[in-house]
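Enquirer: My structure is in data25.pdb, and what it holds is PDB, C-alpha atoms:
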```pdb
ATOM      1  CA  MET A   1     -23.487  25.225   6.862
ATOM      2  CA  ASP A   2     -20.350  24.069   8.699
ATOM      3  CA  VAL A   3     -22.135  20.977  10.003
ATOM      4  CA  LEU A   4     -23.189  20.078   6.457
ATOM      5  CA  ILE A   5     -19.648  20.563   5.149
ATOM      6  CA  HIS A   6     -18.243  18.394   7.949
ATOM      7  CA  LEU A   7     -20.836  15.718   7.206
ATOM      8  CA  PHE A   8     -19.748  15.549   3.573
ATOM      9  CA  VAL A   9     -16.055  15.559   4.551
ATOM     10  CA  GLY A  10     -16.818  12.482   6.659
ATOM     11  CA  LEU A  11     -18.607  10.818   3.748
ATOM     12  CA  HIS A  12     -15.693  11.724   1.480
ATOM     13  CA  ILE A  13     -13.291  10.014   3.900
ATOM     14  CA  ILE A  14     -15.533   6.935   3.959
ATOM     15  CA  GLY A  15     -15.292   6.803   0.154
ATOM     16  CA  ILE A  16     -11.497   7.037   0.329
ATOM     17  CA  ALA A  17     -11.453   4.296   2.957
ATOM     18  CA  ALA A  18     -13.573   2.001   0.771
ATOM     19  CA  LEU A  19     -11.328   2.532  -2.247
ATOM     20  CA  LEU A  20      -8.037   2.179  -0.378
ATOM     21  CA  GLY A  21      -9.355  -0.636   1.815
ATOM     22  CA  GLY A  22     -10.410  -2.612  -1.252
ATOM     23  CA  PHE A  23      -6.951  -2.132  -2.716
ATOM     24  CA  LEU A  24      -5.183  -3.166   0.487
ATOM     25  CA  THR A  25      -7.279  -6.315   0.897
ATOM     26  CA  GLN A  26      -6.316  -7.406  -2.629
ATOM     27  CA  MET A  27      -2.554  -6.790  -2.289
ATOM     28  CA  LYS A  28      -1.735 -10.426  -1.503
ATOM     29  CA  ALA A  29      -3.791 -11.493  -4.516
ATOM     30  CA  MET A  30      -1.965  -8.878  -6.603
ATOM     31  CA  GLY A  31       1.321 -10.603  -5.757
ATOM     32  CA  GLN A  32      -0.173 -13.878  -6.987
ATOM     33  CA  GLY A  33      -1.632 -12.260 -10.118
ATOM     34  CA  THR A  34      -5.251 -12.873  -9.110
ATOM     35  CA  ALA A  35      -6.247  -9.413  -7.882
ATOM     36  CA  ARG A  36      -9.555  -7.943  -8.969
ATOM     37  CA  PHE A  37     -11.411  -4.703  -8.386
ATOM     38  CA  VAL A  38     -13.972  -5.428  -5.699
ATOM     39  CA  PRO A  39     -17.344  -3.621  -5.804
ATOM     40  CA  GLY A  40     -16.462  -1.547  -2.732
ATOM     41  CA  MET A  41     -13.660   0.098  -4.673
ATOM     42  CA  LEU A  42     -16.051   1.302  -7.358
ATOM     43  CA  HIS A  43     -18.587   2.480  -4.803
ATOM     44  CA  GLY A  44     -15.853   4.260  -2.855
ATOM     45  CA  ALA A  45     -14.602   6.057  -5.967
ATOM     46  CA  PHE A  46     -18.122   7.180  -6.900
ATOM     47  CA  THR A  47     -18.683   8.319  -3.301
ATOM     48  CA  MET A  48     -15.482  10.361  -3.469
ATOM     49  CA  LEU A  49     -16.607  11.967  -6.732
ATOM     50  CA  ALA A  50     -20.110  12.827  -5.533
ATOM     51  CA  THR A  51     -19.060  14.130  -2.129
ATOM     52  CA  GLY A  52     -16.123  16.035  -3.610
ATOM     53  CA  VAL A  53     -18.364  17.879  -6.045
ATOM     54  CA  ILE A  54     -20.831  18.627  -3.250
ATOM     55  CA  LEU A  55     -18.020  19.874  -1.004
ATOM     56  CA  VAL A  56     -16.754  22.273  -3.653
ATOM     57  CA  GLY A  57     -20.275  23.631  -4.105
ATOM     58  CA  LEU A  58     -20.902  23.975  -0.376
ATOM     59  CA  ASN A  59     -17.588  25.736   0.208
ATOM     60  CA  GLU A  60     -18.219  28.102  -2.686
ATOM     61  CA  ALA A  61     -21.712  28.841  -1.359
ATOM     62  CA  ASP A  62     -20.270  29.557   2.089
ATOM     63  CA  ASP A  63     -17.690  31.977   0.610
ATOM     64  CA  HIS A  64     -14.720  29.785   1.553
ATOM     65  CA  HIS A  65     -11.648  29.901  -0.662
ATOM     66  CA  VAL A  66     -11.479  26.872  -2.980
ATOM     67  CA  ASN A  67      -8.122  26.042  -4.562
ATOM     68  CA  THR A  68      -9.363  25.187  -8.040
ATOM     69  CA  ILE A  69      -5.991  23.895  -9.243
ATOM     70  CA  LYS A  70      -5.806  21.432  -6.344
ATOM     71  CA  ILE A  71      -9.393  20.341  -6.948
ATOM     72  CA  GLY A  72      -8.673  19.943 -10.673
ATOM     73  CA  VAL A  73      -5.635  17.735 -10.028
ATOM     74  CA  LYS A  74      -7.568  15.607  -7.537
ATOM     75  CA  LEU A  75     -10.481  15.323  -9.969
ATOM     76  CA  ALA A  76      -8.177  14.268 -12.822
ATOM     77  CA  LEU A  77      -6.631  11.542 -10.663
ATOM     78  CA  LEU A  78     -10.056  10.356  -9.551
ATOM     79  CA  ILE A  79     -11.302  10.192 -13.150
ATOM     80  CA  VAL A  80      -8.355   7.943 -14.048
ATOM     81  CA  ILE A  81      -9.074   5.774 -10.990
ATOM     82  CA  LEU A  82     -12.782   5.586 -11.819
ATOM     83  CA  GLY A  83     -12.050   4.763 -15.447
ATOM     84  CA  LEU A  84      -9.750   1.886 -14.560
ATOM     85  CA  VAL A  85     -11.994   0.460 -11.860
ATOM     86  CA  TYR A  86     -15.168   0.824 -13.936
ATOM     87  CA  VAL A  87     -13.760  -0.724 -17.113
ATOM     88  CA  LYS A  88     -12.089  -3.645 -15.307
ATOM     89  CA  ARG A  89     -14.776  -4.209 -12.643
ATOM     90  CA  ASP A  90     -16.030  -7.488 -14.134
ATOM     91  CA  ASP A  91     -12.623  -8.980 -14.939
ATOM     92  CA  GLU A  92     -11.674 -12.016 -12.883
ATOM     93  CA  ARG A  93      -8.046 -10.883 -12.882
ATOM     94  CA  VAL A  94      -6.635  -7.404 -13.267
ATOM     95  CA  GLU A  95      -3.083  -6.804 -14.453
ATOM     96  CA  LYS A  96      -0.646  -5.939 -11.685
ATOM     97  CA  GLY A  97       0.217  -2.639 -13.335
ATOM     98  CA  ALA A  98      -3.374  -1.411 -13.586
ATOM     99  CA  PHE A  99      -4.182  -2.570 -10.081
ATOM    100  CA  GLY A 100      -1.044  -1.009  -8.627
ATOM    101  CA  LEU A 101      -1.740   2.238 -10.483
ATOM    102  CA  VAL A 102      -5.154   2.534  -8.830
ATOM    103  CA  GLY A 103      -3.577   2.077  -5.398
ATOM    104  CA  LEU A 104      -0.808   4.552  -6.161
ATOM    105  CA  LEU A 105      -3.172   7.200  -7.525
ATOM    106  CA  THR A 106      -5.452   6.752  -4.522
ATOM    107  CA  MET A 107      -2.560   7.360  -2.149
ATOM    108  CA  VAL A 108      -1.357  10.334  -4.194
ATOM    109  CA  ASN A 109      -4.880  11.766  -4.022
ATOM    110  CA  ILE A 110      -4.852  11.380  -0.233
ATOM    111  CA  PHE A 111      -1.476  13.082   0.120
ATOM    112  CA  ILE A 112      -2.544  15.936  -2.155
ATOM    113  CA  ALA A 113      -5.609  16.460   0.039
ATOM    114  CA  VAL A 114      -3.555  16.477   3.229
ATOM    115  CA  LEU A 115      -0.315  18.205   2.220
ATOM    116  CA  TRP A 116      -1.341  20.722  -0.454
ATOM    117  CA  THR A 117      -2.503  23.776   1.458
TER     118      THR A 117
END
```
Now that the file is in, can you turn its structure into structure tokens?

Expert:
Amino acid sequence: MDVLIHLFVGLHIIGIAALLGGFLTQMKAMGQGTARFVPGMLHGAFTMLATGVILVGLNEADDHHVNTIKIGVKLALLIVILGLVYVKRDDERVEKGAFGLVGLLTMVNIFIAVLWT
């Protein structure tokens, strides 16, 4: 079971990398007002959601303690991120505020995962 959990943690990190990497590659464009949500950001967010749900289930099945408040906060942030990216995915230009919010919430989600024990 531990190997399976570690596999999904790796996939979860890949999803985070896709979302944050897409944001970071568009930062110069954000300064010029031409940033857009690239497809990798949407795929990364969906990967985070799917692997996160699977990880909670696997940890519960393996009788590990799951901090439900932490998971709930991370899920709420991810739903906001997914909502913004999904709704604005076809726009040629995304407002700086909405684009910056996705990057900020992504980083907050990462720090919650790492620092909240």

Enquirer: May I have the residues within 12 Å of A:Gly72 as a list of chain:residue names, using all atoms listed in the file and disregarding those fewer than 4 positions away in the same chain?

Expert: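 Residues meeting the cut-off are A:Leu49, A:Gly52, A:Val53, A:Val56, A:Val66, A:Asn67, A:Thr68, A:Ala76, A:Leu77, A:Leu78, A:Ile79, A:Asn109, A:Ile112, A:Ala113.
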
Enquirer: Just the selected residues (C-alpha atoms), exported as a short mmCIF file (atom, residue, chain, number, x, y, z; two decimals), in the frame of the given file, please.

Expert:
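Listed below is the output, again.cif:
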```
data_model
loop_
_atom_site.label_atom_id
_atom_site.label_comp_id
_atom_site.auth_asym_id
_atom_site.auth_seq_id
_atom_site.Cartn_x
_atom_site.Cartn_y
_atom_site.Cartn_z
CA LEU A 49 -16.61 11.97 -6.73
CA GLY A 52 -16.12 16.04 -3.61
CA VAL A 53 -18.36 17.88 -6.04
CA VAL A 56 -16.75 22.27 -3.65
CA VAL A 66 -11.48 26.87 -2.98
CA ASN A 67 -8.12 26.04 -4.56
CA THR A 68 -9.36 25.19 -8.04
CA ALA A 76 -8.18 14.27 -12.82
CA LEU A 77 -6.63 11.54 -10.66
CA LEU A 78 -10.06 10.36 -9.55
CA ILE A 79 -11.30 10.19 -13.15
CA ASN A 109 -4.88 11.77 -4.02
CA ILE A 112 -2.54 15.94 -2.15
CA ALA A 113 -5.61 16.46 0.04
#
```

Enquirer: Between atom CA of A:Gly15 and atom CA of A:Gln32, what is the distance, to one decimal in Å?

Expert: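 The value is 26.6 Å.
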
Enquirer: When you draw a straight line from atom CA of A:Val9 to atom CA of A:Met48, how long is it in Å?

Expert: 9.6 Å

Enquirer: Which residue gives the smallest distance to A:Lys88 among A:Lys74, A:His64, A:Lys28, A:Arg36, with all atoms listed in the file counted?

Expert: A:Arg36

Enquirer: Rank nothing, just name the residue among A:Leu19, A:Met27, A:Met1, A:Val85 nearest to A:Thr106, using all atoms listed in the file.

Expert: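 Among the listed residues, the smallest separation from A:Thr106 belongs to A:Leu19.
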
Enquirer: Find the residues near A:Phe99: any atom within 8 Å, counting all atoms listed in the file, skip ones fewer than 5 places away on the same chain, and give them as a ChimeraX atom specification.

Expert: /A:23,30,35-37,94

Enquirer: For this file, the PyMOL selection byres ((chain A and resi 5) around 10) selects which residues, as a PDB file with C-alpha atoms, in the coordinates of the input?

Expert:
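The result, stored in selection_30.pdb:
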```pdb
ATOM      1  CA  MET A   1     -23.487  25.225   6.862  1.00  0.00           C
ATOM      2  CA  ASP A   2     -20.350  24.069   8.699  1.00  0.00           C
ATOM      3  CA  VAL A   3     -22.135  20.977  10.003  1.00  0.00           C
ATOM      4  CA  LEU A   4     -23.189  20.078   6.457  1.00  0.00           C
ATOM      5  CA  HIS A   6     -18.243  18.394   7.949  1.00  0.00           C
ATOM      6  CA  LEU A   7     -20.836  15.718   7.206  1.00  0.00           C
ATOM      7  CA  PHE A   8     -19.748  15.549   3.573  1.00  0.00           C
ATOM      8  CA  VAL A   9     -16.055  15.559   4.551  1.00  0.00           C
ATOM      9  CA  GLY A  10     -16.818  12.482   6.659  1.00  0.00           C
ATOM     10  CA  LEU A  11     -18.607  10.818   3.748  1.00  0.00           C
ATOM     11  CA  THR A  51     -19.060  14.130  -2.129  1.00  0.00           C
ATOM     12  CA  ILE A  54     -20.831  18.627  -3.250  1.00  0.00           C
ATOM     13  CA  LEU A  55     -18.020  19.874  -1.004  1.00  0.00           C
ATOM     14  CA  VAL A  56     -16.754  22.273  -3.653  1.00  0.00           C
ATOM     15  CA  GLY A  57     -20.275  23.631  -4.105  1.00  0.00           C
ATOM     16  CA  LEU A  58     -20.902  23.975  -0.376  1.00  0.00           C
ATOM     17  CA  ASN A  59     -17.588  25.736   0.208  1.00  0.00           C
ATOM     18  CA  ASP A  62     -20.270  29.557   2.089  1.00  0.00           C
TER      19      ASP A  62
END
```

Enquirer: Suppose you want the space between atom CA of A:Ile16 and atom CA of A:His43; what is it in Å?

Expert: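 Taking atom CA of A:Ile16 as the start and atom CA of A:His43 as the end point, the length is 9.9 Å.
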
Enquirer: Using all atoms listed in the file, which of the listed residues (A:Gly103, A:Gly33, A:Gly40, A:Gly21) sits closest to A:Val80?

Expert: A:Gly103

Enquirer: Could you tell me which of A:Pro39, A:Leu104, A:Ile14, A:Leu115 comes closest to A:Tyr86 if we count only C-alpha atoms?

Expert: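 The closest residue to A:Tyr86 is A:Pro39.
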
Enquirer: Rank A:Ala45, A:Gly22, A:Trp116, A:Asp91 by their smallest atom-to-atom distance to A:Ile69, using only C-alpha atoms, and report the top residue only.

Expert: A:Trp116

Enquirer: Counting all atoms listed in the file, which residue out of A:Arg89, A:Lys70, A:Leu82, A:Val108 sits closest to A:Gly44?

Expert: A:Leu82
